[in-house]
Structures are given as structure tokens and as C-alpha cells.
>>> print(open('query-v1.txt').read())   # compact mmCIF, C-alpha atoms
# COMPACT_ATOMS: atom_id res chain seq x y z
CA MET A 1 57.83 133.43 112.22
CA SER A 2 54.30 134.74 111.93
CA SER A 3 52.07 134.28 114.96
CA ASN A 4 49.26 133.44 112.51
CA ILE A 5 49.65 129.81 111.48
CA TYR A 6 47.56 130.46 108.36
CA ASP A 7 50.21 132.86 107.08
CA MET A 8 52.59 129.92 106.61
CA ASN A 9 52.80 127.83 103.48
CA TYR A 10 53.47 124.13 103.86
CA GLU A 11 57.24 124.41 103.51
CA GLU A 12 57.38 127.16 106.14
CA LEU A 13 55.24 125.11 108.52
CA GLU A 14 57.45 122.06 108.00
CA ALA A 15 60.60 124.11 108.65
CA GLN A 16 59.12 125.57 111.82
CA LEU A 17 58.12 122.19 113.20
CA THR A 18 61.54 120.79 112.34
CA GLN A 19 63.05 123.56 114.49
CA TRP A 20 60.87 122.28 117.31
CA GLY A 21 62.49 118.88 116.86
CA GLU A 22 59.40 117.30 115.31
CA PRO A 23 59.57 114.74 112.47
CA ALA A 24 58.74 115.97 108.97
CA TYR A 25 55.44 114.08 108.82
CA ARG A 26 54.10 116.16 111.69
CA ALA A 27 53.63 119.10 109.31
CA ARG A 28 51.34 116.96 107.14
CA GLN A 29 49.24 116.10 110.18
CA VAL A 30 48.87 119.77 111.12
CA TRP A 31 48.18 120.80 107.52
CA ASP A 32 45.48 118.14 107.25
CA GLY A 33 43.93 119.31 110.51
CA LEU A 34 43.86 122.95 109.43
CA TYR A 35 42.62 122.61 105.87
CA GLN A 36 40.79 119.29 105.61
CA GLN A 37 39.45 118.75 109.10
CA LEU A 38 38.99 122.53 109.51
CA TYR A 39 40.24 122.57 113.10
CA SER A 40 40.32 126.02 114.68
CA THR A 41 41.76 125.25 118.16
CA PRO A 42 44.89 123.34 119.24
CA ASP A 43 42.80 121.01 121.39
CA GLN A 44 41.07 119.62 118.30
CA PHE A 45 44.32 117.99 117.17
CA THR A 46 43.62 114.97 119.37
CA SER A 47 45.97 112.67 117.43
CA LEU A 48 48.91 114.84 118.52
CA SER A 49 50.55 114.80 121.92
CA LYS A 50 49.45 117.15 124.67
CA ALA A 51 52.92 118.74 124.65
CA PHE A 52 52.66 119.42 120.91
CA ARG A 53 49.20 120.93 121.29
CA GLN A 54 50.59 123.15 124.01
CA ALA A 55 53.33 124.29 121.62
CA LEU A 56 50.67 125.19 119.06
CA THR A 57 48.84 127.16 121.73
CA GLU A 58 51.94 129.05 122.86
CA ASN A 59 53.11 129.91 119.36
CA PHE A 60 49.96 130.36 117.30
CA SER A 61 46.88 130.92 119.44
CA SER A 62 45.24 134.33 119.55
CA SER A 63 43.40 136.07 122.34
CA THR A 64 39.76 135.06 122.46
CA GLU A 65 36.83 135.18 124.82
CA SER A 66 36.41 131.44 124.31
CA THR A 67 37.51 129.05 127.02
CA GLN A 68 39.70 127.34 124.42
CA PRO A 69 42.69 129.06 122.82
CA ALA A 70 41.88 129.66 119.14
CA LEU A 71 44.24 129.52 116.17
CA THR A 72 42.17 132.00 114.21
CA ALA A 73 43.02 135.71 114.25
CA LEU A 74 39.61 136.72 112.88
CA HIS A 75 36.87 137.32 115.41
CA PRO A 76 33.29 137.66 114.11
CA VAL A 77 31.53 140.62 115.69
CA LYS A 78 28.40 141.01 113.58
CA LYS A 79 26.41 138.80 111.23
CA LEU A 80 23.59 139.82 108.92
CA VAL A 81 21.38 137.31 107.10
CA ALA A 82 19.13 138.16 104.16
CA SER A 83 15.44 137.45 104.59
CA ASP A 84 15.64 134.50 102.19
CA GLY A 85 18.57 133.07 104.14
CA GLU A 86 20.65 132.76 100.98
CA THR A 87 23.14 135.57 101.67
CA VAL A 88 25.11 135.95 104.89
CA LYS A 89 27.54 138.75 105.67
CA THR A 90 30.01 138.65 108.55
CA LEU A 91 32.08 141.49 109.98
CA PHE A 92 35.34 140.45 111.64
CA ASN A 93 37.68 142.19 114.03
CA LEU A 94 41.38 141.75 113.28
CA HIS A 95 44.11 141.58 115.91
CA ASP A 96 44.70 145.34 115.67
CA HIS A 97 40.97 146.17 115.82
CA ARG A 98 40.72 146.87 112.11
CA GLN A 99 37.64 145.34 110.53
CA VAL A 100 37.01 143.32 107.39
CA GLU A 101 34.00 141.62 105.81
CA ALA A 102 33.22 138.42 103.95
CA VAL A 103 29.99 137.21 102.37
CA LEU A 104 28.49 133.77 101.74
CA MET A 105 26.06 133.49 98.82
CA ARG A 106 24.05 130.32 98.36
CA TYR A 107 22.89 129.36 94.89
CA GLU A 108 21.17 126.20 93.69
CA LYS A 109 24.38 124.30 93.10
CA ARG A 110 27.05 126.69 94.37
CA ARG A 111 28.25 128.05 97.67
CA THR A 112 30.19 131.16 96.74
CA LEU A 113 32.28 133.31 99.06
CA CYS A 114 33.20 136.95 98.47
CA ILE A 115 36.35 137.66 100.43
CA SER A 116 38.48 140.72 101.20
CA THR A 117 42.18 141.39 100.73
CA GLN A 118 42.52 144.75 102.52
CA ALA A 119 40.95 146.67 105.37
CA GLY A 120 39.67 149.67 103.47
CA CYS A 121 40.88 150.48 99.97
CA ALA A 122 43.11 153.07 98.34
CA MET A 123 41.38 153.07 94.96
CA GLY A 124 38.63 155.56 95.89
CA CYS A 125 35.88 154.32 93.57
CA VAL A 126 33.11 156.80 94.28
CA PHE A 127 30.18 154.36 94.48
CA CYS A 128 32.00 151.79 96.65
CA ALA A 129 31.64 151.87 100.43
CA THR A 130 35.15 150.47 100.88
CA GLY A 131 36.60 153.14 98.60
CA GLN A 132 34.77 155.75 100.67
CA MET A 133 36.50 154.41 103.81
CA GLY A 134 40.01 154.98 102.55
CA PHE A 135 42.91 152.58 102.99
CA LYS A 136 43.68 151.11 106.42
CA ARG A 137 46.09 148.26 105.76
CA ASP A 138 46.77 145.11 103.75
CA LEU A 139 45.57 141.78 105.04
CA SER A 140 48.10 139.01 105.48
CA SER A 141 47.67 135.85 103.42
CA GLY A 142 46.47 134.09 106.57
CA GLU A 143 43.80 136.71 107.24
CA ILE A 144 42.52 136.17 103.70
CA VAL A 145 42.55 132.39 104.11
CA GLU A 146 40.73 132.56 107.43
CA GLN A 147 37.68 134.22 105.88
CA VAL A 148 37.25 131.12 103.72
CA LEU A 149 37.80 128.67 106.57
CA PHE A 150 35.29 130.50 108.76
CA TYR A 151 32.50 129.86 106.28
CA ALA A 152 33.82 126.41 105.34
CA ARG A 153 33.33 125.33 108.96
CA GLN A 154 29.78 126.64 108.96
CA LEU A 155 28.93 124.95 105.66
CA ALA A 156 30.43 121.66 106.88
CA GLN A 157 27.84 121.59 109.66
CA ASP A 158 25.19 121.34 106.93
CA HIS A 159 27.27 118.78 104.96
CA GLU A 160 28.04 121.46 102.37
CA GLN A 161 31.28 122.95 101.12
CA VAL A 162 32.69 126.04 99.47
CA THR A 163 32.45 125.71 95.68
CA ASN A 164 33.64 129.12 94.47
CA ILE A 165 35.61 132.08 95.80
CA VAL A 166 35.47 135.59 94.35
CA VAL A 167 38.17 137.95 95.53
CA MET A 168 35.91 140.97 95.17
CA GLY A 169 35.39 142.08 98.75
CA MET A 170 37.06 144.96 100.56
CA GLY A 171 40.29 146.13 98.95
CA GLU A 172 42.07 145.87 95.61
CA PRO A 173 43.63 142.38 95.30
CA PHE A 174 46.46 143.46 93.00
CA HIS A 175 47.36 146.23 95.46
CA ASN A 176 48.15 143.36 97.85
CA TYR A 177 49.41 140.95 95.21
CA GLU A 178 51.75 138.67 97.15
CA ALA A 179 49.37 138.01 100.04
CA THR A 180 46.42 137.47 97.69
CA MET A 181 48.22 134.94 95.53
CA GLN A 182 49.74 133.18 98.55
CA ALA A 183 46.26 132.79 100.05
CA ILE A 184 44.94 131.30 96.80
CA HIS A 185 47.95 128.97 96.59
CA THR A 186 47.27 127.76 100.13
CA LEU A 187 43.58 127.15 99.46
CA ASN A 188 44.37 125.46 96.14
CA ASP A 189 46.85 122.98 97.66
CA PRO A 190 45.58 119.46 96.74
CA HIS A 191 46.87 118.13 100.06
CA GLY A 192 44.95 120.79 101.97
CA PHE A 193 41.77 122.72 101.24
CA ASN A 194 41.98 121.53 97.63
CA LEU A 195 39.79 124.10 95.88
CA GLY A 196 40.60 124.08 92.15
CA ALA A 197 42.25 127.15 90.67
CA ARG A 198 39.37 127.71 88.26
CA ARG A 199 37.04 128.02 91.23
CA PHE A 200 38.70 131.35 92.12
CA THR A 201 38.04 134.72 90.49
CA ILE A 202 40.15 137.80 91.19
CA SER A 203 38.61 141.19 90.44
CA THR A 204 40.81 144.24 89.84
CA VAL A 205 39.93 147.85 89.03
CA GLY A 206 42.68 147.75 86.44
CA LEU A 207 46.11 147.89 88.07
CA ILE A 208 48.08 147.22 84.90
CA PRO A 209 51.32 146.03 86.57
CA GLY A 210 49.28 143.47 88.51
CA ILE A 211 47.48 142.31 85.36
CA GLN A 212 50.80 141.95 83.55
CA ARG A 213 52.34 140.01 86.42
CA PHE A 214 49.29 137.76 86.61
CA THR A 215 49.43 137.21 82.84
CA ALA A 216 53.08 136.15 83.02
CA GLU A 217 52.26 133.54 85.66
CA HIS A 218 49.79 131.73 83.35
CA SER A 219 47.52 131.14 86.32
CA GLN A 220 44.35 129.09 85.94
CA VAL A 221 42.63 131.48 88.35
CA ASN A 222 39.90 133.53 86.65
CA LEU A 223 40.39 137.26 86.16
CA ALA A 224 37.72 139.96 86.16
CA ILE A 225 38.10 143.67 85.43
CA SER A 226 35.92 146.08 87.37
CA LEU A 227 35.24 148.41 84.45
CA HIS A 228 31.96 150.41 84.86
CA ALA A 229 32.56 152.89 82.02
CA ALA A 230 33.80 152.72 78.43
CA ASP A 231 35.23 156.22 78.00
CA ASP A 232 38.00 157.84 79.99
CA ASP A 233 36.08 160.91 81.12
CA LEU A 234 33.31 158.94 82.79
CA ARG A 235 35.55 156.19 84.11
CA SER A 236 37.89 158.71 85.70
CA GLN A 237 34.91 160.27 87.48
CA LEU A 238 33.84 156.89 88.86
CA LEU A 239 37.23 155.20 89.32
CA PRO A 240 40.10 157.62 90.01
CA ILE A 241 42.67 154.92 89.16
CA ASN A 242 41.72 155.53 85.52
CA HIS A 243 43.78 158.75 85.60
CA LYS A 244 46.88 156.60 86.08
CA TYR A 245 45.83 153.64 83.96
CA PRO A 246 43.48 154.92 81.22
CA LEU A 247 41.36 152.65 79.08
CA ASP A 248 43.66 152.32 76.05
CA ARG A 249 46.45 151.03 78.28
CA LEU A 250 44.07 148.86 80.27
CA PHE A 251 42.62 147.19 77.19
CA ALA A 252 46.11 146.64 75.79
CA ALA A 253 46.91 144.71 78.97
CA CYS A 254 43.63 142.82 78.64
CA LEU A 255 44.44 141.88 75.05
CA GLU A 256 47.86 140.66 76.12
CA TYR A 257 46.18 138.55 78.81
CA VAL A 258 43.77 136.75 76.47
CA GLN A 259 46.38 136.29 73.75
CA THR A 260 48.90 134.86 76.21
CA THR A 261 46.63 132.68 78.32
CA HIS A 262 43.75 131.95 75.89
CA ARG A 263 41.50 132.32 78.93
CA ARG A 264 38.23 134.21 79.08
CA LEU A 265 38.27 137.60 80.75
CA SER A 266 35.25 138.95 82.63
CA PHE A 267 34.21 142.58 82.94
CA GLU A 268 32.14 143.79 85.87
CA TRP A 269 29.77 146.69 85.27
CA ALA A 270 27.70 148.23 88.09
CA LEU A 271 24.69 149.77 86.35
CA ILE A 272 24.01 153.28 87.65
CA GLN A 273 20.82 154.92 86.51
CA GLY A 274 21.43 157.72 84.04
CA VAL A 275 25.21 157.48 84.43
CA ASN A 276 26.61 154.39 82.73
CA ASP A 277 23.50 152.47 81.68
CA THR A 278 22.90 154.26 78.38
CA PRO A 279 22.93 152.68 74.90
CA GLU A 280 25.85 154.97 74.08
CA GLN A 281 27.96 153.42 76.85
CA ALA A 282 26.91 149.96 75.69
CA ARG A 283 28.04 150.72 72.13
CA LEU A 284 31.36 152.13 73.33
CA LEU A 285 31.89 149.03 75.44
CA ALA A 286 31.07 146.71 72.56
CA HIS A 287 33.54 148.57 70.35
CA ARG A 288 36.33 148.11 72.89
CA LEU A 289 35.57 144.45 73.55
CA ILE A 290 35.23 143.35 69.95
CA ASN A 291 39.02 143.18 69.69
CA LEU A 292 39.45 140.73 72.57
CA ARG A 293 39.55 137.72 70.30
CA VAL A 294 41.90 134.80 69.85
CA LYS A 295 41.68 132.86 66.59
CA GLY A 296 38.37 134.53 65.86
CA SER A 297 36.76 133.60 69.19
CA SER A 298 35.71 136.20 71.71
CA LEU A 299 37.34 135.67 75.07
CA CYS A 300 35.35 138.07 77.19
CA HIS A 301 32.14 138.15 79.15
CA VAL A 302 30.29 141.10 80.71
CA ASN A 303 28.49 140.88 84.03
CA LEU A 304 25.89 143.62 84.49
CA ILE A 305 25.00 144.20 88.14
CA PRO A 306 22.56 146.92 89.27
CA LEU A 307 24.33 149.21 91.71
CA ASN A 308 24.30 148.34 95.41
CA PRO A 309 23.50 151.70 97.06
CA THR A 310 25.86 153.32 99.56
CA GLY A 311 25.22 156.21 101.91
CA LYS A 312 27.90 158.48 100.48
CA TYR A 313 26.98 158.12 96.82
CA SER A 314 23.79 159.58 95.40
CA GLY A 315 23.51 157.26 92.39
CA HIS A 316 20.73 154.70 92.06
CA ALA A 317 20.51 151.24 90.58
CA SER A 318 19.34 151.09 86.99
CA PRO A 319 15.86 149.70 86.35
CA HIS A 320 15.69 146.26 84.79
CA SER A 321 14.53 147.72 81.47
CA SER A 322 17.79 149.66 81.15
CA ALA A 323 19.81 146.54 81.93
CA VAL A 324 17.94 144.61 79.25
CA ALA A 325 18.50 147.37 76.67
CA PHE A 326 22.20 147.53 77.56
CA LYS A 327 22.52 143.77 77.20
CA GLN A 328 20.76 143.81 73.84
CA VAL A 329 23.41 146.14 72.39
CA LEU A 330 26.15 143.75 73.54
CA ASP A 331 24.26 140.70 72.30
CA GLU A 332 23.93 142.25 68.84
CA ALA A 333 27.69 142.83 68.81
CA GLY A 334 28.37 139.21 69.71
CA ILE A 335 29.56 139.99 73.23
CA ALA A 336 28.50 137.48 75.88
CA CYS A 337 26.63 139.25 78.66
CA THR A 338 24.71 138.28 81.79
CA ILE A 339 22.47 140.41 84.00
CA ARG A 340 23.28 139.41 87.56
CA LEU A 341 20.83 139.68 90.41
CA ARG A 342 21.86 141.90 93.29
CA ARG A 343 22.41 139.84 96.41
CA GLY A 344 22.06 140.99 100.00
CA VAL A 345 21.01 144.60 99.39
CA GLU A 346 18.91 144.56 102.56
CA ILE A 347 21.92 143.45 104.63
CA GLN A 348 24.37 145.89 103.07
CA ALA A 349 26.29 143.13 101.31
CA GLY A 350 28.09 145.56 99.01
CA CYS A 351 31.82 145.71 99.69
CA GLY A 352 32.62 147.57 102.90
CA GLN A 353 29.09 148.75 103.66
CA LEU A 354 28.84 147.16 107.09
CA ALA A 355 32.34 148.16 108.23
CA SER A 356 31.96 151.72 107.00
CA ASN A 357 28.59 152.12 108.71
CA LEU A 358 29.94 150.93 112.04
CA ALA A 359 32.98 153.17 111.73
CA ASN A 360 30.83 156.27 111.32
>>> encode(input="query-v1.txt", output="C-alpha cells")
Amino acid sequence: MSSNIYDMNYEELEAQLTQWGEPAYRARQVWDGLYQQLYSTPDQFTSLSKAFRQALTENFSSSTESTQPALTALHPVKKLVASDGETVKTLFNLHDHRQVEAVLMRYEKRRTLCISTQAGCAMGCVFCATGQMGFKRDLSSGEIVEQVLFYARQLAQDHEQVTNIVVMGMGEPFHNYEATMQAIHTLNDPHGFNLGARRFTISTVGLIPGIQRFTAEHSQVNLAISLHAADDDLRSQLLPINHKYPLDRLFAACLEYVQTTHRRLSFEWALIQGVNDTPEQARLLAHRLINLRVKGSSLCHVNLIPLNPTGKYSGHASPHSSAVAFKQVLDEAGIACTIRLRRGVEIQAGCGQLASNLAN
């Protein structure tokens, strides 16, 4: 049994409580408390007996400086808020003193979280602060879930709620496939947190076995490919994983995904001045994407995002004029494209920037 209650799915929780001699309905009460009422301490389960709350404390509480035993294994140690108040980044300590980050982004009608699946990352993308850190360890499904619940509790105080979750924080989600999908399954449970599958987006740098496995599951969760270059030479310089999974193989997997699921696929492109923001790269990208069609309809979308700077990479964000010119090439080819605004640059909201800075 995991000492983190959020690692358990409903069936595992029910089995554990049955071993304690509790009736089956007790699991539903606990599940409701965790994911609908957003309780974080055993003492908040006031409808349960004192003896049962003590059992929760003894089996699932973590060490904390609080006077109340806490169920959460994530401990916030630093928070940064953008000057407009719309982006908030939190750094958490894990039980083994590893660190992980999550970000809340407020939009007019959305409250979007960017969450992490690993402490550090093994992919080594040169412009990414997490990739520059190297890999520390996978997060458990519960540690992924807890990032969401942390912000959900804060939003609830303002009578707001999480509307979208992007799994684009620290780590490569498909490098930690089981825990990532278990966390999404837990948060999607209609009897619990009840966030619809289409409210989630998983971003991968292109781990083909993970894409193929995800395709076979016919998930309603959205998929995004962190692409950043349209030829193998440049992409291999930026994303070392391209040596193992080059673009022809990656786009074959992408084509299989859209043909199997009939779901739109997103491509993320960090615009780096003078590196991948040229009309030539735009034309190469359009050529590759033109084939991602089902019954004549394009099932792809490109998100252009000016680079978030990191201390160990010398590249700079592309000017807006370059982003507009890049988008125009894609528009003329019939490829849907959006220029995204950078969020939280002043608070180092790019993946891993806060953790890597504190580690140095």
C-alpha cells in the first residue's frame, strides 16, 4: 500500500478500507472528501468517526510543519506571482526533497494548470530549463494529482474551479506513462474531481512508443507534439530525442493517430530568433503537416509560442513580426495556427526554471 492516498484509484482505496473492516460505502465517503470537498487533512472528514480519522492519519498523513497532520505529500516552498496576477507558479518539495513545479494561468473564461510528471527530465531539450537539469525521478500518480488539487483548493476560495489541465510542465509525460495516465483517470472520475477528458492535454517531445500506445487506447484526452523544427538536422540539435525518433517516423505515428482517432493533433513550436522562425522552416512544416488529413479535413493545429528564456541557453524569443510571417506561411497552406502569448516570463514560468535556479 502506498503511503500517499492520492496514489490509489477508487478500487484500491475500497480494498484497503475493507481490510480495515470498514463497509464498502466508506470508500465513497473518503473519495468524495478528497476530490469533491478537496479535504487535505484527516480532521476535515468530520462525518467520519474519530477512530477512522486516526487511521487515516496513521496510514496516509505526511510530515508537515502544520499543527494538523496533512494527507498531501507536496509542500509548497516558493510562490511567484506575475505582476498582472494572472499567472502563479509554485515550487513544491517532495517527500525525498526533490522539487517540482506547477503553474496556474488565469484567462477570461479558463483557469488552466500546467503540471509536471517528473522531477527533472531525461530528454535534454537544449532550450528547456528542465532538460538542462537532467533526470531526477518519476513522479507517482498521486504526486501528479496533488498539483491539481493544490490549485483547486486555492481557486475554490474565490468560487472558481480548474477548467483545463496541460501536462506540459517538468518531465516527459510518456516517459512516465502509467503514472501520468493513472493521474488523469483519477481526475477524470465522474464520482470524484470530474474534469472531462477533453479538458486535458498531454504534450510529448515525440516518444513514438508512447504515442502508439496512446493511439491504441482511443483516449479523449488531447495530444500535443512538442516539435520546434521541421528538418532532422535542426530538430536533433534542439531535441536530442530526434536522433532516436526522427521526423519521418514521428509523423508516421502522428498520421496513425489522426486516422485512428479522428481527433485533432496539436504541434507546439517555441519560436527562437534566427533558429527556427524562418520562412523556410515554416514551409517545411507546412509540407509535413499537409498530409495529416482524414476525409479531406486537416486534423492538426500549430501553436507558436515565443521562447521563454533560460540561463543556460543563449537563444532569444522571436520578434512578433517573425511570428506573424511564420503564421502567414501556414495560413496560406491551410494549416490552422495560433500565436500564443508568453505567460509568466517575469516569474520564470517556463518549465523547470524556478527549480533549476534554486538548485544552482
>>> residues_around(input="query-v1.txt", residues="His191 (chain A)", least_positions_apart="5", cutoff="10 Å", atoms="all atoms listed in the file", output="ChimeraX atom specification")
/A:10,28,31-32,35-36,186
>>> write_last_selection(input="query-v1.txt", atoms="C-alpha atoms", output="PDB file, keeping the file's coordinate frame")
ATOM      1  CA  TYR A  10      53.470 124.130 103.860  1.00  0.00           C
ATOM      2  CA  ARG A  28      51.340 116.960 107.140  1.00  0.00           C
ATOM      3  CA  TRP A  31      48.180 120.800 107.520  1.00  0.00           C
ATOM      4  CA  ASP A  32      45.480 118.140 107.250  1.00  0.00           C
ATOM      5  CA  TYR A  35      42.620 122.610 105.870  1.00  0.00           C
ATOM      6  CA  GLN A  36      40.790 119.290 105.610  1.00  0.00           C
ATOM      7  CA  THR A 186      47.270 127.760 100.130  1.00  0.00           C
TER       8      THR A 186
END
>>> closest_residue(input="query-v1.txt", among="A:Val81, A:Ala323, A:Val148, A:Ala230", to="Ile305 (chain A)", atoms="all atoms listed in the file")
A:Ala323
>>> residues_around(input="query-v1.txt", residues="Tyr107 (chain A)", least_positions_apart="2", cutoff="12 Å", atoms="only C-alpha atoms", output="mmCIF file with C-alpha atoms, in the frame of the given file")
data_model
loop_
_atom_site.group_PDB
_atom_site.id
_atom_site.type_symbol
_atom_site.label_atom_id
_atom_site.label_comp_id
_atom_site.auth_asym_id
_atom_site.auth_seq_id
_atom_site.Cartn_x
_atom_site.Cartn_y
_atom_site.Cartn_z
ATOM 1 C CA ASP A 84 15.640 134.500 102.190
ATOM 2 C CA GLY A 85 18.570 133.070 104.140
ATOM 3 C CA GLU A 86 20.650 132.760 100.980
ATOM 4 C CA THR A 87 23.140 135.570 101.670
ATOM 5 C CA LEU A 104 28.490 133.770 101.740
ATOM 6 C CA MET A 105 26.060 133.490 98.820
ATOM 7 C CA LYS A 109 24.380 124.300 93.100
ATOM 8 C CA ARG A 110 27.050 126.690 94.370
ATOM 9 C CA ARG A 111 28.250 128.050 97.670
ATOM 10 C CA THR A 112 30.190 131.160 96.740
ATOM 11 C CA LEU A 113 32.280 133.310 99.060
ATOM 12 C CA VAL A 162 32.690 126.040 99.470
ATOM 13 C CA THR A 163 32.450 125.710 95.680
ATOM 14 C CA ASN A 164 33.640 129.120 94.470
ATOM 15 C CA LEU A 341 20.830 139.680 90.410
ATOM 16 C CA ARG A 343 22.410 139.840 96.410
#
>>> residues_near_point(input="query-v1.txt", point="(52.3, 131.1, 123.8)", cutoff="12 Å", atoms="all atoms listed in the file", output="JSON, numbers by chain")
{"A": [3, 4, 42, 53, 54, 55, 56, 57, 58, 59, 60, 61, 62, 63, 69, 70, 71]}
>>> closest_residue(input="query-v1.txt", among="A:Gln273, A:Asn291, A:Thr204, A:Ser298", to="Ser314 (chain A)", atoms="only C-alpha atoms")
A:Gln273
>>> residues_around(input="query-v1.txt", residues="Ile115 (chain A)", least_positions_apart="4", cutoff="6 Å", atoms="all atoms listed in the file", output="ChimeraX atom specification")
/A:102,167,169
>>> residues_around(input="query-v1.txt", residues="Lys136 (chain A)", least_positions_apart="5", cutoff="9 Å", atoms="only C-alpha atoms", output="PDB file with C-alpha atoms, keeping the file's coordinate frame")
ATOM      1  CA  ARG A  98      40.720 146.870 112.110  1.00  0.00           C
ATOM      2  CA  GLN A 118      42.520 144.750 102.520  1.00  0.00           C
ATOM      3  CA  ALA A 119      40.950 146.670 105.370  1.00  0.00           C
ATOM      4  CA  GLY A 120      39.670 149.670 103.470  1.00  0.00           C
ATOM      5  CA  CYS A 121      40.880 150.480  99.970  1.00  0.00           C
ATOM      6  CA  ALA A 122      43.110 153.070  98.340  1.00  0.00           C
TER       7      ALA A 122
END
>>> closest_residue(input="query-v1.txt", among="A:Leu239, A:Leu307, A:Val145, A:Ala325", to="Arg340 (chain A)", atoms="only C-alpha atoms")
A:Leu307
>>> atom_distance(input="query-v1.txt", atom1="CA of Gln220 (chain A)", atom2="CA of Leu187 (chain A)")
13.7 Å
>>> residues_around(input="query-v1.txt", residues="Ala317 (chain A)", least_positions_apart="3", cutoff="12 Å", atoms="all atoms listed in the file", output="PyMOL selection string")
chain A and resi 127+269-277+304-310+313-314+320-323+341-342+345
>>> atom_distance(input="query-v1.txt", atom1="CA of Glu14 (chain A)", atom2="CA of Leu48 (chain A)")
15.4 Å
>>> atom_distance(input="query-v1.txt", atom1="CA of Met181 (chain A)", atom2="CA of Thr90 (chain A)")
22.7 Å
>>> closest_atom_pairs(input="query-v1.txt", of="region 203-253 of chain A", to="region 299-303 of chain A", cutoff="10 Å", atoms="only C-alpha atoms", output="Markdown table")
| residue | atom | partner | partner_atom | distance |
| --- | --- | --- | --- | --- |
| A:Ala224 | CA | A:His301 | CA | 9.1 |
| A:Ile225 | CA | A:Val302 | CA | 9.5 |
| A:Ser226 | CA | A:Asn303 | CA | 9.7 |
| A:Leu227 | CA | A:Val302 | CA | 9.6 |
>>> closest_residue(input="query-v1.txt", among="A:Leu139, A:Leu149, A:Cys114, A:Glu12", to="Thr72 (chain A)", atoms="all atoms listed in the file")
A:Leu149
>>> closest_residue(input="query-v1.txt", among="A:Asp7, A:Glu256, A:Arg235, A:Gly311", to="Glu178 (chain A)", atoms="all atoms listed in the file")
A:Asp7
>>> closest_residue(input="query-v1.txt", among="A:Glu146, A:Ser266, A:Gly171, A:Glu108", to="Ala129 (chain A)", atoms="all atoms listed in the file")
A:Gly171
>>> residues_near_point(input="query-v1.txt", point="(41.7, 133.5, 88.7)", cutoff="7 Å", atoms="all atoms listed in the file", output="number ranges by chain")
A: 197-198, 200-202, 219-223
>>> write_last_selection(input="query-v1.txt", atoms="C-alpha atoms", output="PDB file, keeping the file's coordinate frame")
ATOM      1  CA  ALA A 197      42.250 127.150  90.670  1.00  0.00           C
ATOM      2  CA  ARG A 198      39.370 127.710  88.260  1.00  0.00           C
ATOM      3  CA  PHE A 200      38.700 131.350  92.120  1.00  0.00           C
ATOM      4  CA  THR A 201      38.040 134.720  90.490  1.00  0.00           C
ATOM      5  CA  ILE A 202      40.150 137.800  91.190  1.00  0.00           C
ATOM      6  CA  SER A 219      47.520 131.140  86.320  1.00  0.00           C
ATOM      7  CA  GLN A 220      44.350 129.090  85.940  1.00  0.00           C
ATOM      8  CA  VAL A 221      42.630 131.480  88.350  1.00  0.00           C
ATOM      9  CA  ASN A 222      39.900 133.530  86.650  1.00  0.00           C
ATOM     10  CA  LEU A 223      40.390 137.260  86.160  1.00  0.00           C
TER      11      LEU A 223
END
>>> decode(input="query-v1.txt", residues="region 262-275 of chain A", atoms="N, CA, C and O atoms", output="tab-separated table (two decimals), in the first residue's frame")
chain	number	residue	atom	x	y	z
A	262	HIS	N	-9.44	10.11	-35.31
A	262	HIS	CA	-10.14	11.23	-35.93
A	262	HIS	C	-10.15	12.46	-35.02
A	262	HIS	O	-11.06	13.28	-35.06
A	263	ARG	N	-9.12	12.59	-34.20
A	263	ARG	CA	-9.01	13.70	-33.28
A	263	ARG	C	-7.88	14.63	-33.73
A	263	ARG	O	-6.88	14.20	-34.30
A	264	ARG	N	-8.08	15.91	-33.46
A	264	ARG	CA	-7.10	16.90	-33.87
A	264	ARG	C	-5.83	16.78	-33.05
A	264	ARG	O	-5.87	16.53	-31.84
A	265	LEU	N	-4.72	16.96	-33.70
A	265	LEU	CA	-3.40	16.88	-33.07
A	265	LEU	C	-2.77	18.26	-33.08
A	265	LEU	O	-2.78	18.97	-34.09
A	266	SER	N	-2.24	18.68	-31.94
A	266	SER	CA	-1.59	19.99	-31.85
A	266	SER	C	-0.08	19.84	-31.93
A	266	SER	O	0.49	18.83	-31.49
A	267	PHE	N	0.57	20.87	-32.45
A	267	PHE	CA	2.02	20.92	-32.52
A	267	PHE	C	2.50	22.19	-31.84
A	267	PHE	O	2.03	23.28	-32.16
A	268	GLU	N	3.41	22.03	-30.88
A	268	GLU	CA	3.94	23.17	-30.16
A	268	GLU	C	5.27	23.58	-30.80
A	268	GLU	O	6.11	22.74	-31.12
A	269	TRP	N	5.45	24.87	-30.95
A	269	TRP	CA	6.64	25.39	-31.64
A	269	TRP	C	7.14	26.62	-30.89
A	269	TRP	O	6.51	27.68	-30.93
A	270	ALA	N	8.25	26.49	-30.16
A	270	ALA	CA	8.86	27.62	-29.47
A	270	ALA	C	9.69	28.40	-30.47
A	270	ALA	O	10.69	27.90	-30.99
A	271	LEU	N	9.30	29.62	-30.75
A	271	LEU	CA	9.96	30.42	-31.77
A	271	LEU	C	11.26	31.02	-31.22
A	271	LEU	O	11.24	31.82	-30.28
A	272	ILE	N	12.37	30.62	-31.85
A	272	ILE	CA	13.70	31.08	-31.43
A	272	ILE	C	14.27	31.95	-32.54
A	272	ILE	O	14.39	31.50	-33.69
A	273	GLN	N	14.62	33.15	-32.20
A	273	GLN	CA	15.05	34.12	-33.20
A	273	GLN	C	16.24	33.62	-34.01
A	273	GLN	O	17.26	33.21	-33.45
A	274	GLY	N	16.07	33.60	-35.33
A	274	GLY	CA	17.14	33.22	-36.22
A	274	GLY	C	17.46	31.74	-36.24
A	274	GLY	O	18.41	31.32	-36.91
A	275	VAL	N	16.69	30.94	-35.54
A	275	VAL	CA	16.96	29.50	-35.46
A	275	VAL	C	15.86	28.70	-36.16
A	275	VAL	O	16.10	27.99	-37.13
